[in-house]
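Student: Structure file coords_9.json (JSON, C-alpha atoms) right here:
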```
[["chain", "number", "residue", "atom", "x", "y", "z"],
["G", 1, "MET", "CA", -160.96, 57.74, 42.64],
["G", 2, "MET", "CA", -164.34, 56.23, 41.81],
["G", 3, "ILE", "CA", -165.64, 56.38, 38.26],
["G", 4, "SER", "CA", -168.50, 58.84, 37.69],
["G", 5, "GLN", "CA", -171.29, 59.48, 35.22],
["G", 6, "GLY", "CA", -169.82, 60.78, 31.96],
["G", 7, "ASP", "CA", -166.50, 58.95, 32.46],
["G", 8, "LYS", "CA", -165.12, 56.48, 29.94],
["G", 9, "ILE", "CA", -164.76, 52.90, 31.15],
["G", 10, "PRO", "CA", -161.07, 52.15, 31.85],
["G", 11, "ASP", "CA", -159.40, 49.81, 29.40],
["G", 12, "VAL", "CA", -158.38, 46.62, 31.19],
["G", 13, "LYS", "CA", -158.51, 42.92, 30.40],
["G", 14, "LEU", "CA", -161.62, 40.99, 31.39],
["G", 15, "VAL", "CA", -162.36, 37.35, 30.66],
["G", 16, "LYS", "CA", -165.70, 36.27, 29.24],
["G", 17, "ALA", "CA", -166.95, 32.97, 30.55],
["G", 18, "THR", "CA", -168.10, 30.91, 27.58],
["G", 19, "ALA", "CA", -169.09, 27.30, 26.97],
["G", 20, "GLU", "CA", -165.85, 26.93, 25.00],
["G", 21, "GLY", "CA", -163.76, 28.25, 27.90],
["G", 22, "PRO", "CA", -162.26, 31.58, 28.91],
["G", 23, "ASP", "CA", -162.21, 34.31, 26.26],
["G", 24, "ALA", "CA", -160.04, 37.35, 27.08],
["G", 25, "VAL", "CA", -161.45, 40.70, 25.98],
["G", 26, "GLN", "CA", -160.39, 44.29, 26.54],
["G", 27, "SER", "CA", -163.07, 46.32, 28.29],
["G", 28, "SER", "CA", -162.77, 49.01, 25.61],
["G", 29, "GLU", "CA", -163.74, 46.42, 22.98],
["G", 30, "PHE", "CA", -166.49, 44.83, 25.06],
["G", 31, "PHE", "CA", -168.32, 48.12, 25.72],
["G", 32, "ALA", "CA", -167.76, 49.68, 22.28],
["G", 33, "GLY", "CA", -170.76, 50.49, 20.10],
["G", 34, "LYS", "CA", -173.49, 49.16, 22.36],
["G", 35, "LYS", "CA", -175.55, 49.97, 25.43],
["G", 36, "VAL", "CA", -174.66, 47.64, 28.30],
["G", 37, "ALA", "CA", -176.40, 47.03, 31.62],
["G", 38, "LEU", "CA", -173.45, 46.10, 33.83],
["G", 39, "PHE", "CA", -173.70, 44.93, 37.39],
["G", 40, "GLY", "CA", -170.86, 44.04, 39.70],
["G", 41, "VAL", "CA", -170.98, 41.75, 42.70],
["G", 42, "PRO", "CA", -168.54, 40.81, 45.47],
["G", 43, "GLY", "CA", -168.56, 37.13, 44.53],
["G", 44, "ALA", "CA", -170.22, 34.38, 42.54],
["G", 45, "PHE", "CA", -172.36, 31.96, 44.52],
["G", 46, "THR", "CA", -172.47, 34.29, 47.53],
["G", 47, "PRO", "CA", -175.87, 34.68, 49.27],
["G", 48, "THR", "CA", -177.22, 38.04, 48.06],
["G", 49, "CYS", "CA", -175.54, 37.73, 44.67],
["G", 50, "SER", "CA", -177.07, 34.31, 44.00],
["G", 51, "ALA", "CA", -180.45, 34.79, 45.64],
["G", 52, "LYS", "CA", -181.26, 38.30, 44.40],
["G", 53, "HIS", "CA", -178.76, 40.12, 42.18],
["G", 54, "LEU", "CA", -178.11, 37.72, 39.29],
["G", 55, "PRO", "CA", -181.66, 36.25, 39.31],
["G", 56, "GLY", "CA", -183.13, 39.77, 39.11],
["G", 57, "TYR", "CA", -181.22, 40.53, 35.91],
["G", 58, "VAL", "CA", -182.10, 37.13, 34.45],
["G", 59, "GLU", "CA", -185.78, 37.72, 35.24],
["G", 60, "LYS", "CA", -185.77, 41.30, 33.85],
["G", 61, "ALA", "CA", -183.56, 40.64, 30.80],
["G", 62, "ALA", "CA", -186.36, 40.99, 28.24],
["G", 63, "ASP", "CA", -187.62, 44.20, 29.92],
["G", 64, "LEU", "CA", -184.12, 45.72, 29.90],
["G", 65, "LYS", "CA", -183.62, 44.82, 26.24],
["G", 66, "ALA", "CA", -187.05, 46.25, 25.38],
["G", 67, "LYS", "CA", -185.84, 49.57, 26.88],
["G", 68, "GLY", "CA", -182.74, 49.72, 24.66],
["G", 69, "ILE", "CA", -180.14, 47.59, 26.42],
["G", 70, "ASP", "CA", -178.07, 45.61, 23.90],
["G", 71, "GLU", "CA", -176.23, 43.41, 26.40],
["G", 72, "ILE", "CA", -176.49, 42.57, 30.09],
["G", 73, "ALA", "CA", -173.24, 41.70, 31.85],
["G", 74, "CYS", "CA", -172.25, 40.60, 35.33],
["G", 75, "VAL", "CA", -168.70, 41.14, 36.57],
["G", 76, "SER", "CA", -167.13, 39.64, 39.67],
["G", 77, "VAL", "CA", -163.67, 39.08, 41.10],
["G", 78, "ASN", "CA", -163.69, 35.38, 40.29],
["G", 79, "ASP", "CA", -162.12, 33.28, 37.56],
["G", 80, "ALA", "CA", -163.89, 32.54, 34.29],
["G", 81, "PHE", "CA", -164.59, 28.92, 35.23],
["G", 82, "VAL", "CA", -166.46, 29.96, 38.38],
["G", 83, "MET", "CA", -168.34, 32.67, 36.45],
["G", 84, "ASN", "CA", -169.30, 30.14, 33.76],
["G", 85, "ALA", "CA", -170.59, 27.67, 36.38],
["G", 86, "TRP", "CA", -172.55, 30.43, 38.13],
["G", 87, "GLY", "CA", -174.10, 31.53, 34.84],
["G", 88, "LYS", "CA", -175.13, 27.94, 34.09],
["G", 89, "ASP", "CA", -176.57, 27.59, 37.60],
["G", 90, "ALA", "CA", -178.68, 30.72, 37.00],
["G", 91, "GLY", "CA", -180.15, 28.99, 33.95],
["G", 92, "SER", "CA", -179.85, 31.83, 31.47],
["G", 93, "ASN", "CA", -177.80, 32.87, 28.48],
["G", 94, "ASP", "CA", -179.18, 36.42, 28.74],
["G", 95, "VAL", "CA", -176.37, 37.61, 31.02],
["G", 96, "THR", "CA", -172.75, 37.70, 29.86],
["G", 97, "MET", "CA", -170.52, 36.58, 32.71],
["G", 98, "LEU", "CA", -167.27, 38.56, 33.00],
["G", 99, "ALA", "CA", -164.39, 37.46, 35.20],
["G", 100, "ASP", "CA", -162.18, 40.07, 36.85],
["G", 101, "GLY", "CA", -159.88, 37.53, 38.46],
["G", 102, "SER", "CA", -157.25, 39.93, 39.79],
["G", 103, "ALA", "CA", -159.68, 42.79, 40.55],
["G", 104, "ASP", "CA", -158.00, 44.95, 37.88],
["G", 105, "PHE", "CA", -161.34, 46.20, 36.53],
["G", 106, "ALA", "CA", -162.86, 46.81, 39.98],
["G", 107, "THR", "CA", -159.72, 48.70, 41.02],
["G", 108, "ALA", "CA", -159.59, 50.75, 37.80],
["G", 109, "LEU", "CA", -163.24, 51.72, 38.39],
["G", 110, "GLY", "CA", -162.42, 52.71, 41.97],
["G", 111, "LEU", "CA", -165.03, 50.18, 43.09],
["G", 112, "ASP", "CA", -162.71, 47.68, 44.76],
["G", 113, "ALA", "CA", -163.32, 46.69, 48.37],
["G", 114, "ASP", "CA", -161.32, 44.86, 51.01],
["G", 115, "PHE", "CA", -163.15, 41.69, 51.99],
["G", 116, "SER", "CA", -160.12, 40.21, 53.79],
["G", 117, "GLY", "CA", -162.12, 40.06, 57.01],
["G", 118, "TYR", "CA", -164.30, 37.45, 55.29],
["G", 119, "GLY", "CA", -161.36, 35.56, 53.81],
["G", 120, "MET", "CA", -162.12, 36.86, 50.30],
["G", 121, "GLY", "CA", -159.35, 39.42, 49.70],
["G", 122, "THR", "CA", -159.92, 42.29, 47.28],
["G", 123, "ARG", "CA", -163.36, 42.18, 45.70],
["G", 124, "SER", "CA", -165.79, 44.50, 43.93],
["G", 125, "GLN", "CA", -168.34, 46.63, 45.66],
["G", 126, "ARG", "CA", -171.92, 45.84, 44.68],
["G", 127, "PHE", "CA", -172.90, 48.21, 41.86],
["G", 128, "SER", "CA", -174.72, 48.63, 38.59],
["G", 129, "MET", "CA", -174.19, 50.98, 35.69],
["G", 130, "ILE", "CA", -175.51, 51.74, 32.26],
["G", 131, "VAL", "CA", -172.63, 52.06, 29.82],
["G", 132, "ASN", "CA", -173.29, 53.51, 26.38],
["G", 133, "ASP", "CA", -170.46, 53.07, 23.86],
["G", 134, "GLY", "CA", -167.92, 52.89, 26.68],
["G", 135, "VAL", "CA", -169.24, 55.90, 28.63],
["G", 136, "VAL", "CA", -171.00, 55.63, 32.00],
["G", 137, "GLU", "CA", -174.54, 57.05, 31.76],
["G", 138, "GLU", "CA", -175.82, 55.86, 35.15],
["G", 139, "LEU", "CA", -173.90, 54.62, 38.19],
["G", 140, "ASN", "CA", -175.43, 52.99, 41.26],
["G", 141, "VAL", "CA", -173.18, 51.93, 44.13],
["G", 142, "GLU", "CA", -174.54, 50.11, 47.15],
["G", 143, "GLY", "CA", -173.59, 50.86, 50.73],
["G", 144, "PRO", "CA", -172.09, 47.99, 52.75],
["G", 145, "GLY", "CA", -174.55, 45.13, 53.12],
["G", 146, "GLU", "CA", -177.23, 46.83, 51.01],
["G", 147, "PHE", "CA", -179.10, 45.68, 47.91],
["G", 148, "LYS", "CA", -181.32, 48.44, 46.55],
["G", 149, "VAL", "CA", -179.92, 50.73, 43.87],
["G", 150, "SER", "CA", -177.99, 48.09, 41.92],
["G", 151, "SER", "CA", -181.02, 45.90, 41.23],
["G", 152, "ALA", "CA", -182.48, 45.27, 37.80],
["G", 153, "GLU", "CA", -185.73, 46.88, 38.96],
["G", 154, "HIS", "CA", -183.92, 50.10, 39.89],
["G", 155, "MET", "CA", -182.08, 50.13, 36.56],
["G", 156, "LEU", "CA", -185.33, 49.72, 34.63],
["G", 157, "GLY", "CA", -186.52, 52.93, 36.27],
["G", 158, "GLN", "CA", -183.42, 54.71, 34.93],
["G", 159, "LEU", "CA", -184.05, 53.76, 31.30]]
```
Using structure tokens, write down the structure from this file.

Tutor:
Amino acid sequence: MMISQGDKIPDVKLVKATAEGPDAVQSSEFFAGKKVALFGVPGAFTPTCSAKHLPGYVEKAADLKAKGIDEIACVSVNDAFVMNAWGKDAGSNDVTMLADGSADFATALGLDADFSGYGMGTRSQRFSMIVNDGVVEELNVEGPGEFKVSSAEHMLGQL
């Protein structure tokens, strides 16, 4: 079942990509006590994710923070090393890169998707959400092949 507005974020292990290497963190700890703009993508370095999704949040980071967002985070079913490289490639420290290597978080959210037809296995659907102290305030899930409601611009309109 897919997570909904008002639901608490499930408690699973994520891995933060840092300059010092992978840093395991429980989702309950990561989202506690702050307002987070979270967006999820099918894969790092994939066309829409790299050309539009991540750059949009990098570009709008100051605007999101000015509207009360404490942290901006990107999650993908990739390992922490790939997420760290992708974050460096984007040229910004404004977005925390979270690795969901085994798709545990995506699955717990009910936002997993089968990308086996593309040789990618289980991945995350494209989505965004505003999470306040571990509770989902806004949830935006894209249809297949779409990029509209999960953009930084759309999220700014929700704040």

Student: Excluding Ser128 of chain G and any residue of its chain fewer than 3 positions from it, enumerate the residues within 10 Å of it, using all atoms listed in the file, and give them as a PDB file with C-alpha atoms, in the coordinates of the input.

Tutor:
```pdb
ATOM      1  CA  ALA G  37    -176.400  47.030  31.620  1.00  0.00           C
ATOM      2  CA  LEU G  38    -173.450  46.100  33.830  1.00  0.00           C
ATOM      3  CA  PHE G  39    -173.700  44.930  37.390  1.00  0.00           C
ATOM      4  CA  GLY G  40    -170.860  44.040  39.700  1.00  0.00           C
ATOM      5  CA  VAL G  41    -170.980  41.750  42.700  1.00  0.00           C
ATOM      6  CA  ALA G  73    -173.240  41.700  31.850  1.00  0.00           C
ATOM      7  CA  CYS G  74    -172.250  40.600  35.330  1.00  0.00           C
ATOM      8  CA  VAL G  75    -168.700  41.140  36.570  1.00  0.00           C
ATOM      9  CA  GLN G 125    -168.340  46.630  45.660  1.00  0.00           C
ATOM     10  CA  VAL G 131    -172.630  52.060  29.820  1.00  0.00           C
ATOM     11  CA  GLU G 138    -175.820  55.860  35.150  1.00  0.00           C
ATOM     12  CA  LEU G 139    -173.900  54.620  38.190  1.00  0.00           C
ATOM     13  CA  ASN G 140    -175.430  52.990  41.260  1.00  0.00           C
ATOM     14  CA  VAL G 141    -173.180  51.930  44.130  1.00  0.00           C
ATOM     15  CA  GLU G 142    -174.540  50.110  47.150  1.00  0.00           C
ATOM     16  CA  VAL G 149    -179.920  50.730  43.870  1.00  0.00           C
ATOM     17  CA  SER G 150    -177.990  48.090  41.920  1.00  0.00           C
ATOM     18  CA  SER G 151    -181.020  45.900  41.230  1.00  0.00           C
ATOM     19  CA  ALA G 152    -182.480  45.270  37.800  1.00  0.00           C
ATOM     20  CA  HIS G 154    -183.920  50.100  39.890  1.00  0.00           C
ATOM     21  CA  MET G 155    -182.080  50.130  36.560  1.00  0.00           C
TER      22      MET G 155
END
```

Student: For Ala32 of chain G, which residue among G:Gly87, G:Gly101, G:Pro10, G:Gly56 is the nearest when counting all atoms listed in the file?

Tutor: G:Pro10

Student: Any idea what's packed within 7 Å of Asp11 of chain G, counting all atoms listed in the file, ignoring anything in its chain fewer than 6 positions away? Could you give it as number ranges by chain?

Tutor: G: 26-28

Student: Here's a test: counting all atoms listed in the file, identify every protein, DNA and RNA residue with an atom at most 12 Å from (-163.4, 44.5, 48.9) in the file's coordinate frame, and state them as a list in words.

Tutor: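 Selection result: Gly40, Val41, Pro42, Gly43, Ser76, Val77, Ser102, Ala103, Ala106, Thr107, Gly110, Leu111, Asp112, Ala113, Asp114, Phe115, Ser116, Gly117, Tyr118, Gly119, Met120, Gly121, Thr122, Arg123, Ser124, Gln125, Arg126, Pro144 and Gly145 of chain G.
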
Student: For the atom pair atom CA of Phe45 of chain G and atom CA of Phe81 of chain G, what is the interatomic distance in Å to one decimal place?

Tutor: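 Calculated distance between atom CA of Phe45 of chain G and atom CA of Phe81 of chain G is 12.5 Å.
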